[in-house]
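Asker: If it helps, the file is called input37.cif and holds mmCIF, C-alpha atoms and all ligand atoms:
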data_entry
#
loop_
_atom_site.label_atom_id
_atom_site.label_comp_id
_atom_site.auth_asym_id
_atom_site.auth_seq_id
_atom_site.Cartn_x
_atom_site.Cartn_y
_atom_site.Cartn_z
CA MET H 166 -58.97 144.83 -211.35
CA GLN H 167 -56.14 144.79 -208.82
CA CYS H 168 -54.89 142.02 -206.51
CA SER H 169 -56.01 142.50 -202.88
CA LYS H 170 -52.51 141.66 -201.68
CA CYS H 171 -50.30 143.62 -204.08
CA SER H 172 -50.64 146.01 -207.01
CA GLY H 173 -50.58 143.22 -209.60
CA LYS H 174 -53.34 142.58 -212.12
CA ALA H 175 -55.96 140.19 -210.72
CA VAL H 176 -56.60 136.90 -212.49
CA ILE H 177 -59.51 135.78 -210.33
CA GLN H 178 -62.18 137.29 -208.08
CA LEU H 179 -62.81 135.18 -205.02
CA GLN H 180 -65.28 135.72 -202.22
CA HIS H 181 -62.65 137.23 -199.94
CA GLY H 182 -60.92 139.34 -202.58
CA SER H 183 -59.09 139.29 -205.90
CA LEU H 184 -55.72 137.71 -206.54
CA CYS H 185 -52.92 138.20 -209.07
CA LYS H 186 -51.14 135.28 -210.71
CA ILE H 187 -48.48 134.87 -208.04
CA HIS H 188 -50.84 135.24 -205.11
CA PHE H 189 -53.39 132.92 -206.70
CA LEU H 190 -50.82 130.18 -207.28
CA ASN H 191 -49.71 130.50 -203.65
CA TYR H 192 -53.28 130.48 -202.39
CA PHE H 193 -54.17 127.42 -204.43
CA GLU H 194 -51.12 125.39 -203.44
CA GLU H 195 -51.49 126.31 -199.77
CA LYS H 196 -55.12 125.25 -199.86
CA VAL H 197 -54.18 121.84 -201.26
CA PHE H 198 -51.33 121.34 -198.78
CA LYS H 199 -53.57 122.38 -195.88
CA THR H 200 -56.17 119.83 -196.97
CA ILE H 201 -53.54 117.10 -197.08
CA LYS H 202 -52.37 117.99 -193.57
CA LYS H 203 -55.73 118.64 -191.93
CA TYR H 204 -57.27 115.37 -193.13
CA LYS H 205 -54.00 113.42 -192.91
CA LEU H 206 -54.27 112.37 -196.53
CA ILE H 207 -50.59 111.49 -196.83
CA ASP H 208 -48.46 109.77 -194.25
CA ARG H 209 -44.72 109.67 -193.88
CA ASN H 210 -44.60 105.99 -194.85
CA ASP H 211 -47.16 105.98 -197.63
CA ARG H 212 -46.49 104.72 -201.09
CA ILE H 213 -48.72 106.82 -203.28
CA CYS H 214 -50.57 106.04 -206.46
CA VAL H 215 -52.13 108.97 -208.31
CA ALA H 216 -55.02 107.96 -210.55
CA ALA H 217 -54.36 110.02 -213.67
CA SER H 218 -56.21 110.56 -216.91
CA GLY H 219 -54.28 113.46 -218.38
CA GLY H 220 -57.14 115.88 -217.64
CA LYS H 221 -56.74 119.11 -215.70
CA ASP H 222 -57.60 117.69 -212.29
CA SER H 223 -55.30 114.73 -212.51
CA LEU H 224 -52.32 116.75 -213.80
CA THR H 225 -52.82 119.29 -211.04
CA VAL H 226 -53.12 116.72 -208.28
CA LEU H 227 -50.16 114.75 -209.64
CA TYR H 228 -47.97 117.83 -209.76
CA LEU H 229 -49.01 119.05 -206.31
CA THR H 230 -48.72 115.68 -204.59
CA LYS H 231 -45.17 115.47 -205.86
CA LYS H 232 -44.47 119.04 -204.77
CA TYR H 233 -45.90 118.33 -201.31
CA LEU H 234 -43.70 115.28 -200.87
CA GLU H 235 -40.63 117.22 -201.96
CA GLN H 236 -41.46 120.23 -199.85
CA TYR H 237 -41.78 118.17 -196.72
CA ASP H 238 -38.82 116.08 -197.68
CA LEU H 239 -40.86 112.91 -197.49
CA LYS H 240 -38.97 110.12 -199.12
CA THR H 241 -42.26 108.56 -200.12
CA ASN H 242 -42.66 106.71 -203.36
CA LEU H 243 -45.02 108.10 -205.95
CA PHE H 244 -46.34 106.77 -209.23
CA ALA H 245 -49.14 107.65 -211.63
CA LEU H 246 -51.67 105.08 -212.82
CA LEU H 247 -53.61 105.44 -216.04
CA ILE H 248 -56.46 103.19 -217.08
CA ASP H 249 -56.70 102.56 -220.80
CA GLU H 250 -60.31 101.51 -221.31
CA GLY H 251 -59.84 101.13 -225.03
CA ILE H 252 -61.75 104.08 -226.46
CA ALA H 253 -60.52 104.95 -229.95
CA ASN H 254 -59.72 108.57 -230.81
CA TYR H 255 -59.83 109.51 -227.17
CA ARG H 256 -57.45 107.72 -224.83
CA LYS H 257 -54.55 107.83 -227.27
CA THR H 258 -54.33 111.61 -227.05
CA THR H 259 -54.60 111.74 -223.28
CA ILE H 260 -52.06 108.93 -222.86
CA LYS H 261 -49.58 110.84 -224.97
CA ASP H 262 -50.09 114.02 -222.94
CA LEU H 263 -49.73 112.19 -219.66
CA LYS H 264 -46.59 110.38 -220.81
CA THR H 265 -44.98 113.68 -221.73
CA PHE H 266 -46.00 115.22 -218.41
CA CYS H 267 -44.68 112.30 -216.36
CA LYS H 268 -41.41 112.29 -218.26
CA GLU H 269 -40.95 116.00 -217.75
CA HIS H 270 -41.67 115.72 -214.03
CA LYS H 271 -39.82 112.44 -213.54
CA ILE H 272 -42.84 110.49 -212.34
CA LYS H 273 -43.20 106.76 -212.93
CA LEU H 274 -46.26 105.91 -215.01
CA VAL H 275 -48.11 102.59 -214.86
CA ILE H 276 -50.71 101.88 -217.55
CA ALA H 277 -53.38 99.24 -216.99
CA SER H 278 -55.31 98.27 -220.07
CA ALA H 279 -58.78 96.78 -220.24
CA LYS H 280 -57.82 94.93 -223.40
CA GLU H 281 -55.01 93.11 -221.61
CA GLU H 282 -57.00 92.47 -218.46
CA PHE H 283 -60.36 91.48 -219.92
CA GLY H 284 -59.51 90.66 -223.54
CA TYR H 285 -61.79 93.42 -224.79
CA THR H 286 -61.54 97.14 -225.40
CA LEU H 287 -64.53 99.17 -224.23
CA ASP H 288 -65.34 99.86 -227.88
CA ARG H 289 -65.71 96.12 -228.56
CA ALA H 290 -67.22 95.09 -225.25
CA TYR H 291 -69.91 97.75 -225.18
CA PRO H 292 -72.12 96.55 -228.07
CA ILE H 293 -72.05 92.97 -226.76
CA ILE H 294 -72.82 93.91 -223.16
CA ASN H 295 -75.40 96.47 -224.19
CA LYS H 296 -77.29 93.91 -226.26
CA GLU H 297 -77.59 91.61 -223.26
CA THR H 298 -78.07 94.08 -220.42
CA LYS H 299 -78.85 97.51 -221.90
CA LYS H 300 -75.90 98.88 -219.94
CA LYS H 301 -74.45 102.15 -221.21
CA PRO H 302 -70.73 102.61 -221.99
CA CYS H 303 -70.23 104.77 -218.89
CA ASN H 304 -71.66 102.03 -216.62
CA ILE H 305 -69.19 99.49 -217.99
CA CYS H 306 -66.36 102.00 -218.03
CA GLY H 307 -67.01 102.92 -214.39
CA VAL H 308 -67.03 99.31 -213.19
CA TRP H 309 -63.84 98.48 -215.12
CA ARG H 310 -62.08 101.60 -214.03
CA ARG H 311 -62.80 101.18 -210.31
CA TYR H 312 -61.68 97.57 -210.52
CA LEU H 313 -58.48 98.23 -212.45
CA ILE H 314 -57.47 101.28 -210.42
CA ASN H 315 -57.77 99.44 -207.12
CA LYS H 316 -56.15 96.26 -208.40
CA TYR H 317 -53.18 97.97 -210.02
CA ALA H 318 -52.66 100.41 -207.17
CA ARG H 319 -52.50 97.46 -204.80
CA LYS H 320 -50.36 95.35 -207.12
CA ASN H 321 -47.84 98.16 -207.20
CA LYS H 322 -47.90 98.29 -203.40
CA ALA H 323 -49.65 101.62 -203.01
CA THR H 324 -50.96 102.45 -199.54
CA LYS H 325 -52.89 105.53 -200.70
CA LEU H 326 -54.71 106.28 -203.89
CA VAL H 327 -54.81 109.99 -204.75
CA THR H 328 -57.63 111.15 -207.03
CA GLY H 329 -58.28 114.50 -208.69
CA HIS H 330 -61.84 114.99 -207.40
CA ASN H 331 -62.51 118.67 -206.86
CA LEU H 332 -65.06 120.74 -204.96
CA ASP H 333 -67.49 120.77 -207.88
CA ASP H 334 -67.35 116.97 -208.31
CA GLU H 335 -68.04 116.48 -204.63
CA ALA H 336 -70.88 119.04 -204.43
CA GLN H 337 -72.49 117.39 -207.47
CA ALA H 338 -72.18 113.94 -205.90
CA ILE H 339 -73.73 115.13 -202.63
CA ILE H 340 -76.70 116.69 -204.43
CA MET H 341 -77.17 113.68 -206.74
CA ASN H 342 -77.17 111.28 -203.79
CA THR H 343 -79.64 113.53 -202.00
CA PHE H 344 -81.94 113.67 -205.02
CA LYS H 345 -81.86 109.89 -205.21
CA ALA H 346 -81.99 109.34 -201.43
CA ASN H 347 -78.79 107.35 -201.69
CA THR H 348 -77.33 107.89 -198.24
CA SER H 349 -75.08 104.86 -198.35
CA LEU H 350 -73.26 106.31 -201.37
CA SER H 351 -72.83 109.61 -199.56
CA ALA H 352 -71.19 107.77 -196.67
CA HIS H 353 -68.34 106.98 -199.06
CA LEU H 354 -67.68 110.62 -199.91
CA GLY H 355 -65.43 113.08 -198.08
CA PRO H 356 -61.71 113.94 -198.40
CA VAL H 357 -60.94 110.34 -197.42
CA SER H 358 -63.29 107.94 -199.22
CA GLY H 359 -64.77 104.76 -197.84
CA ILE H 360 -66.23 103.97 -194.45
CA GLU H 361 -64.05 101.18 -193.16
CA ASP H 362 -60.53 100.00 -193.82
CA HIS H 363 -60.13 96.87 -195.86
CA ASP H 364 -56.95 95.05 -196.80
CA LEU H 365 -57.94 94.71 -200.42
CA PHE H 366 -58.99 98.31 -200.79
CA VAL H 367 -56.43 101.03 -201.22
CA GLN H 368 -57.70 104.09 -199.37
CA ARG H 369 -58.71 106.92 -201.69
CA VAL H 370 -57.86 110.51 -200.83
CA LYS H 371 -58.76 113.82 -202.50
CA PRO H 372 -56.26 116.68 -202.08
CA LEU H 373 -58.30 118.97 -204.41
CA TYR H 374 -61.37 118.57 -202.19
CA PHE H 375 -61.69 122.32 -201.54
CA CYS H 376 -60.60 123.52 -205.00
CA ALA H 377 -63.35 124.73 -207.30
CA GLU H 378 -63.22 123.48 -210.86
CA LYS H 379 -62.62 126.98 -212.16
CA GLU H 380 -59.66 127.42 -209.82
CA THR H 381 -58.14 124.15 -210.98
CA ARG H 382 -58.55 125.12 -214.63
CA LEU H 383 -56.94 128.48 -213.92
CA TYR H 384 -54.08 126.81 -212.06
CA CYS H 385 -53.37 124.57 -215.08
CA LEU H 386 -53.53 127.52 -217.42
CA LEU H 387 -51.14 129.65 -215.35
CA LYS H 388 -48.74 126.74 -214.86
CA GLY H 389 -48.76 126.08 -218.59
CA PHE H 390 -49.89 122.44 -218.26
CA GLN H 391 -50.94 121.01 -221.58
CA VAL H 392 -54.53 119.96 -221.00
CA ASP H 393 -56.31 117.95 -223.60
CA PHE H 394 -59.90 118.77 -224.46
CA THR H 395 -60.80 115.82 -226.61
CA GLU H 396 -64.16 114.64 -225.35
CA CYS H 397 -64.93 111.01 -224.83
CA PRO H 398 -67.26 109.96 -227.66
CA TYR H 399 -69.51 108.23 -225.10
CA ALA H 400 -69.86 111.28 -222.84
CA GLN H 401 -73.53 112.00 -222.25
CA GLU H 402 -75.42 114.81 -220.66
CA GLY H 403 -77.00 112.90 -217.81
CA LEU H 404 -78.14 113.84 -214.33
CA ARG H 405 -74.65 114.96 -213.33
CA ALA H 406 -74.52 117.54 -216.11
CA LYS H 407 -77.91 118.89 -215.06
CA VAL H 408 -76.84 119.14 -211.42
CA ARG H 409 -73.57 120.75 -212.48
CA ASP H 410 -75.40 123.44 -214.50
CA MET H 411 -77.86 124.02 -211.68
CA LEU H 412 -75.07 124.47 -209.14
CA ASN H 413 -73.21 126.84 -211.45
CA ASP H 414 -76.36 128.91 -211.84
CA PHE H 415 -76.75 129.09 -208.09
CA GLU H 416 -73.07 129.86 -207.61
CA ASN H 417 -73.34 132.73 -210.07
CA GLN H 418 -76.27 134.22 -208.18
CA TYR H 419 -75.30 133.26 -204.64
CA LYS H 420 -71.53 133.16 -204.26
CA GLY H 421 -70.30 130.38 -202.01
CA THR H 422 -73.13 127.92 -202.67
CA LYS H 423 -70.87 124.98 -203.56
CA GLN H 424 -68.58 125.63 -200.62
CA SER H 425 -71.59 125.74 -198.28
CA ILE H 426 -72.86 122.40 -199.60
CA ILE H 427 -69.44 120.89 -198.81
CA ASN H 428 -69.20 122.52 -195.38
CA SER H 429 -72.61 121.40 -194.21
CA PHE H 430 -71.99 117.93 -195.61
CA LEU H 431 -68.69 117.64 -193.72
CA GLU H 432 -70.49 118.49 -190.50
CA VAL H 433 -72.87 115.54 -190.80
CA LEU H 434 -70.53 113.13 -192.60
CA PRO H 435 -69.19 111.47 -189.40
CA LEU H 436 -72.78 110.71 -188.41
CA ILE H 437 -73.61 109.28 -191.82
CA LYS H 438 -70.53 107.06 -191.71
CA GLU H 439 -71.31 105.90 -188.20
CA HIS H 440 -74.87 105.10 -189.18
CA GLN H 441 -73.77 103.12 -192.23
CA ILE H 442 -71.34 101.06 -190.17
CA LYS H 443 -74.13 100.33 -187.70
CA ILE H 444 -76.69 99.17 -190.24
CA ASN H 445 -73.93 97.67 -192.37
CA SER H 446 -76.20 97.60 -195.40
CA SER H 447 -73.51 96.63 -197.88
CA PRO H 448 -70.73 94.74 -196.14
CA LEU H 449 -67.65 94.22 -198.22
CA ASN H 450 -67.18 90.71 -199.58
CA ILE H 451 -64.45 89.09 -201.55
CA CYS H 452 -65.40 88.02 -205.04
CA LYS H 453 -65.56 84.22 -205.34
CA ILE H 454 -64.09 84.28 -208.82
CA CYS H 455 -61.35 86.89 -208.82
CA GLN H 456 -60.79 87.51 -205.08
CA GLU H 457 -61.13 91.25 -205.52
CA PRO H 458 -63.39 93.29 -203.22
CA ALA H 459 -67.10 92.98 -204.06
CA ASN H 460 -70.50 94.07 -202.77
CA GLN H 461 -72.00 90.68 -203.42
CA GLU H 462 -70.64 87.16 -203.86
CA ILE H 463 -69.44 87.95 -207.34
CA CYS H 464 -68.00 91.33 -208.24
CA ASN H 465 -69.46 93.53 -210.98
CA THR H 466 -66.42 93.06 -213.18
CA CYS H 467 -66.76 89.26 -213.14
CA LYS H 468 -70.47 89.63 -213.89
CA LEU H 469 -69.56 91.67 -216.98
CA LYS H 470 -67.03 89.01 -217.98
CA GLU H 471 -69.81 86.43 -217.81
CA VAL H 472 -72.04 88.57 -220.01
CA LEU H 473 -69.23 88.93 -222.54
CA LYS H 474 -68.64 85.18 -222.60
CA ASN H 475 -72.31 84.42 -223.16
CA GLY H 476 -72.69 87.18 -225.71
CA LYS H 477 -69.77 85.81 -227.66
CA LYS H 478 -71.16 82.27 -227.62
CA LYS H 479 -74.43 83.50 -229.04
CA ARG H 480 -72.61 85.24 -231.84
CA VAL H 481 -70.68 82.17 -232.98
CA MET U 185 -67.59 148.46 -230.52
CA ASN U 186 -66.54 145.23 -232.14
CA ILE U 187 -64.96 142.36 -230.31
CA LEU U 188 -63.37 139.23 -231.68
CA ILE U 189 -63.96 136.08 -229.72
CA LYS U 190 -62.68 132.58 -230.11
CA ARG U 191 -63.94 129.63 -228.13
CA GLU U 192 -61.50 126.93 -227.17
CA THR U 193 -63.58 124.22 -228.73
CA GLU U 194 -64.08 126.03 -232.04
CA GLN U 195 -61.56 126.87 -234.71
CA LYS U 196 -63.05 130.09 -235.99
CA GLN U 197 -63.04 133.57 -234.51
CA LYS U 198 -66.34 135.39 -234.30
CA ASN U 199 -66.87 139.10 -234.60
CA ILE U 200 -69.56 140.48 -232.32
CA SER U 201 -70.84 143.94 -231.64
CA PHE U 202 -70.87 145.01 -228.02
CA SER U 203 -72.17 148.23 -226.52
CA LYS U 204 -71.38 147.84 -222.83
CA ASN U 205 -68.18 147.86 -220.77
CA THR U 206 -66.95 144.86 -218.89
CA VAL U 207 -66.26 141.15 -219.23
CA LYS U 208 -69.29 140.58 -217.01
CA ASP U 209 -71.49 142.51 -219.45
CA LEU U 210 -70.10 140.57 -222.39
CA LEU U 211 -70.78 137.20 -220.75
CA GLU U 212 -74.30 138.33 -219.97
CA GLN U 213 -74.82 139.26 -223.60
CA LEU U 214 -73.47 135.87 -224.72
CA LYS U 215 -75.54 134.10 -222.05
CA ILE U 216 -72.48 132.37 -220.64
CA ASN U 217 -72.23 131.66 -216.92
CA PRO U 218 -68.94 133.21 -215.68
CA GLU U 219 -68.47 130.15 -213.44
CA THR U 220 -67.97 127.98 -216.50
CA VAL U 221 -65.32 129.92 -218.45
CA ILE U 222 -62.03 131.78 -218.20
CA LEU U 223 -61.41 134.69 -220.57
CA THR U 224 -58.02 135.76 -221.86
CA ARG U 225 -56.85 138.73 -223.92
CA ASN U 226 -53.37 138.38 -225.45
CA ASN U 227 -52.75 135.49 -223.06
CA GLU U 228 -53.60 137.66 -220.09
CA VAL U 229 -56.36 136.33 -217.83
CA LEU U 230 -59.30 138.71 -217.35
CA THR U 231 -61.69 139.02 -214.42
CA GLU U 232 -65.35 139.98 -214.60
CA ASP U 233 -64.70 143.64 -213.80
CA ASP U 234 -62.08 144.16 -216.50
CA VAL U 235 -63.06 146.73 -219.11
CA LEU U 236 -63.09 145.76 -222.78
CA ASN U 237 -62.01 147.92 -225.70
CA ASP U 238 -62.92 148.12 -229.35
CA LYS U 239 -61.18 145.43 -231.46
CA ASP U 240 -60.19 143.38 -228.45
CA SER U 241 -59.44 139.80 -229.34
CA LEU U 242 -60.55 137.38 -226.64
CA GLU U 243 -60.31 133.69 -226.06
CA ILE U 244 -62.94 131.86 -224.03
CA LEU U 245 -61.66 128.74 -222.24
CA ASN U 246 -64.03 126.11 -220.88
CA VAL U 247 -63.72 125.23 -217.23
CA VAL U 248 -65.56 121.93 -217.51
CA SER U 249 -63.94 119.15 -219.46
CA GLY U 250 -65.94 116.21 -220.69
CA GLY U 251 -65.31 112.51 -220.28
S1 LIG L 501 -67.59 109.45 -220.66
FE1 LIG L 501 -68.20 107.42 -219.96
S2 LIG L 501 -67.16 106.01 -221.32
FE2 LIG L 501 -66.15 107.98 -221.55
S3 LIG L 501 -64.44 107.92 -220.14
FE3 LIG L 501 -66.16 108.87 -219.04
S4 LIG L 501 -67.16 107.17 -217.99
FE4 LIG L 501 -65.83 106.27 -219.55
ZN ZN L 502 -50.81 139.88 -205.78
ZN ZN L 503 -64.57 89.23 -209.46
#
Now, as a test, write the supplied structure out as structure tokens.
Ligand code: SF4
Ligand SMILES: [Zn+2]
Ligand SMILES: [Zn+2]
Answerer:
Amino acid sequence: MQCSKCSGKAVIQLQHGSLCKIHFLNYFEEKVFKTIKKYKLIDRNDRICVAASGGKDSLTVLYLTKKYLEQYDLKTNLFALLIDEGIANYRKTTIKDLKTFCKEHKIKLVIASAKEEFGYTLDRAYPIINKETKKKPCNICGVWRRYLINKYARKNKATKLVTGHNLDDEAQAIIMNTFKANTSLSAHLGPVSGIEDHDLFVQRVKPLYFCAEKETRLYCLLKGFQVDFTECPYAQEGLRAKVRDMLNDFENQYKGTKQSIINSFLEVLPLIKEHQIKINSSPLNICKICQEPANQEICNTCKLKEVLKNGKKKRV
Amino acid sequence: MNILIKRETEQKQKNISFSKNTVKDLLEQLKINPETVILTRNNEVLTEDDVLNDKDSLEILNVVSGG
């Protein structure tokens, strides 16, 4: 199959035509840069933290954020932030890959470790917490990660937090929230996350918002980025995996399904945000113990710390 | 015809017999959703309409990464 723009061999078939390697790379980068501009994801004076795991999305967004800054001659600061949750046989590989990548592209890398922050790796904390609360590793991991990312981004004076969320991630989240009637969670979605500004919260932005997962994977492949495929030993096929498979089935039969989900969502998103601000169902507090942002008086991370303390006492 | 395929997550190559023409046909036979993979032949990326030949050696890359 031939590229719609030249006589080159196509590497992907998109809705509006097929593209060769060169034209695909251009198309992909332009799409990301347009998203950044249209939604004002990056400002002239921003100091940017890219949340990175070493996976395909984070390498792509890290590389393209840097390219964007260089292209527009923005003298903005940029650094990558990796959270080491303490998962044996998993994080080590991705840390190594990310270190190599950052070195090669001259990007500063900050690593925040759960072990240092909480005194426990996820591997050690999980059995204790699970015994007390039945929480799964991914629940704990998610709470820790959100906490550490925000705290370390802020500590390093970031004004924006760039994440690698792509079109598939977002479409899945929209559908999951719809299935669970969780409108308040949906209010936090969009290319710029969150509903209201808060001093303690670094605003999260998603330059890959309109990039399908397959496009991102292809971009990495064609750019020769070393992507690691070690799976997290705790990864489970939950609701998200089911929704992902369902959306891929639909996409295969009805091209453009995921994009349409995003487009219709973006049309109503301002209304959802407005509504949430009005009913203010979960106002942002400051945790009494650690002074980090929280939904209640005490943040989820401090609650987990409590559980760990009690669990340990019982063991002695 | 015979086609050799190797999946990213597996070490071994598999030999399969295939009687149709294109990448799309092959994925249908293997019951793989084209949305979830990228196929390469000698490091060249294929699209669904590309025609396969006897003794082609293909690699199937996963689009979705876990964790
Ligand atoms: S699969 Fe679960 S435990 Fe593993 S990195 Fe992802 S959220 Fe954390
Ligand atoms: Zn071309
Ligand atoms: Zn707290």
Asker: May I have the residues of chain H within 9 Å of chain U, counting all atoms listed in the file, written as a VMD selection string?
Answerer: chain H and resid 166 174 to 178 183 186 220 to 221 378 to 383 387 393 to 401 410 413 to 414 416 to 417
Asker: Kindly indicate which residue among U:Leu242, U:Asn237, U:Lys215, U:Ile187 lies nearest to Asn199 (chain U), using all atoms listed in the file for the distances.
Answerer: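 The shortest atom-to-atom distance to Asn199 (chain U) comes from U:Ile187.
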Asker: May I have the residues within 7 Å of ligand ZN 503 (chain L), computed using all atoms listed in the file, as a VMD selection string?
Answerer: chain H and resid 452 to 457 463 to 467
Asker: Just want the residues within 10 Å of ligand LIG 501 (chain L), written as a ChimeraX atom specification, counting only C-alpha atoms and all ligand atoms.
Answerer: /H:218,248-252,255-256,287-288,291,301-310,396-402 /U:250-251
Asker: Find the residue from H:Ile427, H:Ala318, H:Val215, H:Val408 that sits nearest to Gly355 (chain H); use only C-alpha atoms when measuring.
Answerer: H:Ile427
Asker: Quote the spacing between CA of Ser349 (chain H) and CA of Ile207 (chain H) in Å to one decimal place.
Answerer: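 CA of Ser349 (chain H) sits 25.4 Å away from CA of Ile207 (chain H).
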Asker: So the first atom is CA of Asn226 (chain U) and the second is CA of Ile244 (chain U); what is the distance between them in Å, to one decimal place?
Answerer: 11.7 Å
Asker: Taking only C-alpha atoms and all ligand atoms into account, list the residues no farther than 6 Å from ligand ZN 502 (chain L), as a list in words.
Answerer: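 The residues within 6 Å of ligand ZN 502 (chain L), counting only C-alpha atoms and all ligand atoms, are Cys168, Lys170, Cys171, Gly173, Leu184, Cys185, Ile187 and His188 of chain H.
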Asker: Take CA of Val275 (chain H) and CA of Phe244 (chain H) and report the distance between them in Å, one decimal.
Answerer: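 Atom-to-atom, CA of Val275 (chain H) and CA of Phe244 (chain H) are spaced 7.2 Å apart.
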Asker: Go ahead and fit an axis-aligned box to every listed atom of region 192-201 of chain U plus 3 Å each side, and pass me the centre and edge lengths in Å, one decimal, as AutoDock Vina command-line options.
Answerer:
--center_x -66.2 --center_y 134.1 --center_z -231.6 --size_x 15.3 --size_y 25.7 --size_z 14.8
Asker: Hey, what's within 12 Å of Leu214 (chain U) if we count all atoms listed in the file and toss same-chain stuff fewer than 6 positions away? As a PyMOL selection string, please?
Answerer: chain U and resi 189+191+198+200-202+207-208+221+244
Asker: Pick the closest to Met185 (chain U) from U:Arg225, U:Asn205, U:Glu243, U:Leu211: which is it, counting only C-alpha atoms?
Answerer: U:Asn205
Asker: So, with only C-alpha atoms as the atoms that count, which of H:Ala346, H:Leu436, H:Ile426, H:Val226 lies closest to Cys385 (chain H)?
Answerer: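 Distance minimum relative to Cys385 (chain H) lands on H:Val226.
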Asker: Leu449 (chain H): which residues within 10 Å, counting all atoms listed in the file, same-chain residues fewer than 5 positions away excluded, as a list of chain:residue names?
Answerer: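 Residues meeting the cut-off are H:Glu361, H:His363, H:Leu365, H:Phe366, H:Pro458, H:Ala459, H:Asn460, H:Gln461, H:Glu462.
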Asker: Residues within 12 Å of Asp211 (chain H), please, as JSON, numbers by chain. Count all atoms listed in the file; anything in the same chain fewer than 5 positions from it doesn't count.
Answerer: {"H": [205, 206, 234, 239, 240, 241, 242, 243, 244, 322, 323, 324, 325, 326, 327, 367, 368]}
Asker: Will you model N, CA, C and O atoms for region 218-230 of chain U and pass it back as a short mmCIF file (atom, residue, chain, number, x, y, z; two decimals), keeping the file's coordinate frame?
Answerer:
data_model
loop_
_atom_site.label_atom_id
_atom_site.label_comp_id
_atom_site.auth_asym_id
_atom_site.auth_seq_id
_atom_site.Cartn_x
_atom_site.Cartn_y
_atom_site.Cartn_z
N PRO U 218 -70.36 132.95 -215.95
CA PRO U 218 -68.94 133.21 -215.68
C PRO U 218 -68.25 132.07 -214.90
O PRO U 218 -67.03 131.94 -214.97
N GLU U 219 -69.04 131.28 -214.19
CA GLU U 219 -68.47 130.15 -213.44
C GLU U 219 -67.87 129.10 -214.36
O GLU U 219 -67.07 128.28 -213.94
N THR U 220 -68.33 129.09 -215.61
CA THR U 220 -67.97 127.98 -216.50
C THR U 220 -66.85 128.30 -217.50
O THR U 220 -66.47 127.45 -218.29
N VAL U 221 -66.36 129.54 -217.47
CA VAL U 221 -65.32 129.92 -218.45
C VAL U 221 -64.22 130.79 -217.83
O VAL U 221 -64.40 131.37 -216.76
N ILE U 222 -63.10 130.83 -218.53
CA ILE U 222 -62.03 131.78 -218.20
C ILE U 222 -61.74 132.56 -219.48
O ILE U 222 -61.60 131.96 -220.55
N LEU U 223 -61.68 133.88 -219.39
CA LEU U 223 -61.41 134.69 -220.57
C LEU U 223 -59.98 135.20 -220.57
O LEU U 223 -59.46 135.61 -219.52
N THR U 224 -59.36 135.17 -221.75
CA THR U 224 -58.02 135.76 -221.86
C THR U 224 -57.98 136.75 -223.02
O THR U 224 -58.72 136.62 -224.00
N ARG U 225 -57.09 137.74 -222.86
CA ARG U 225 -56.85 138.73 -223.92
C ARG U 225 -55.34 138.80 -224.07
O ARG U 225 -54.65 139.09 -223.10
N ASN U 226 -54.82 138.48 -225.23
CA ASN U 226 -53.37 138.38 -225.45
C ASN U 226 -52.69 137.56 -224.35
O ASN U 226 -51.70 137.97 -223.77
N ASN U 227 -53.27 136.42 -224.08
CA ASN U 227 -52.75 135.49 -223.06
C ASN U 227 -52.79 136.03 -221.64
O ASN U 227 -52.21 135.45 -220.73
N GLU U 228 -53.47 137.14 -221.44
CA GLU U 228 -53.60 137.66 -220.09
C GLU U 228 -55.01 137.31 -219.58
O GLU U 228 -55.99 137.54 -220.28
N VAL U 229 -55.05 136.75 -218.36
CA VAL U 229 -56.36 136.33 -217.83
C VAL U 229 -57.16 137.54 -217.35
O VAL U 229 -56.64 138.41 -216.66
N LEU U 230 -58.43 137.59 -217.75
CA LEU U 230 -59.30 138.71 -217.35
C LEU U 230 -60.23 138.31 -216.21
O LEU U 230 -60.56 137.13 -216.06
#
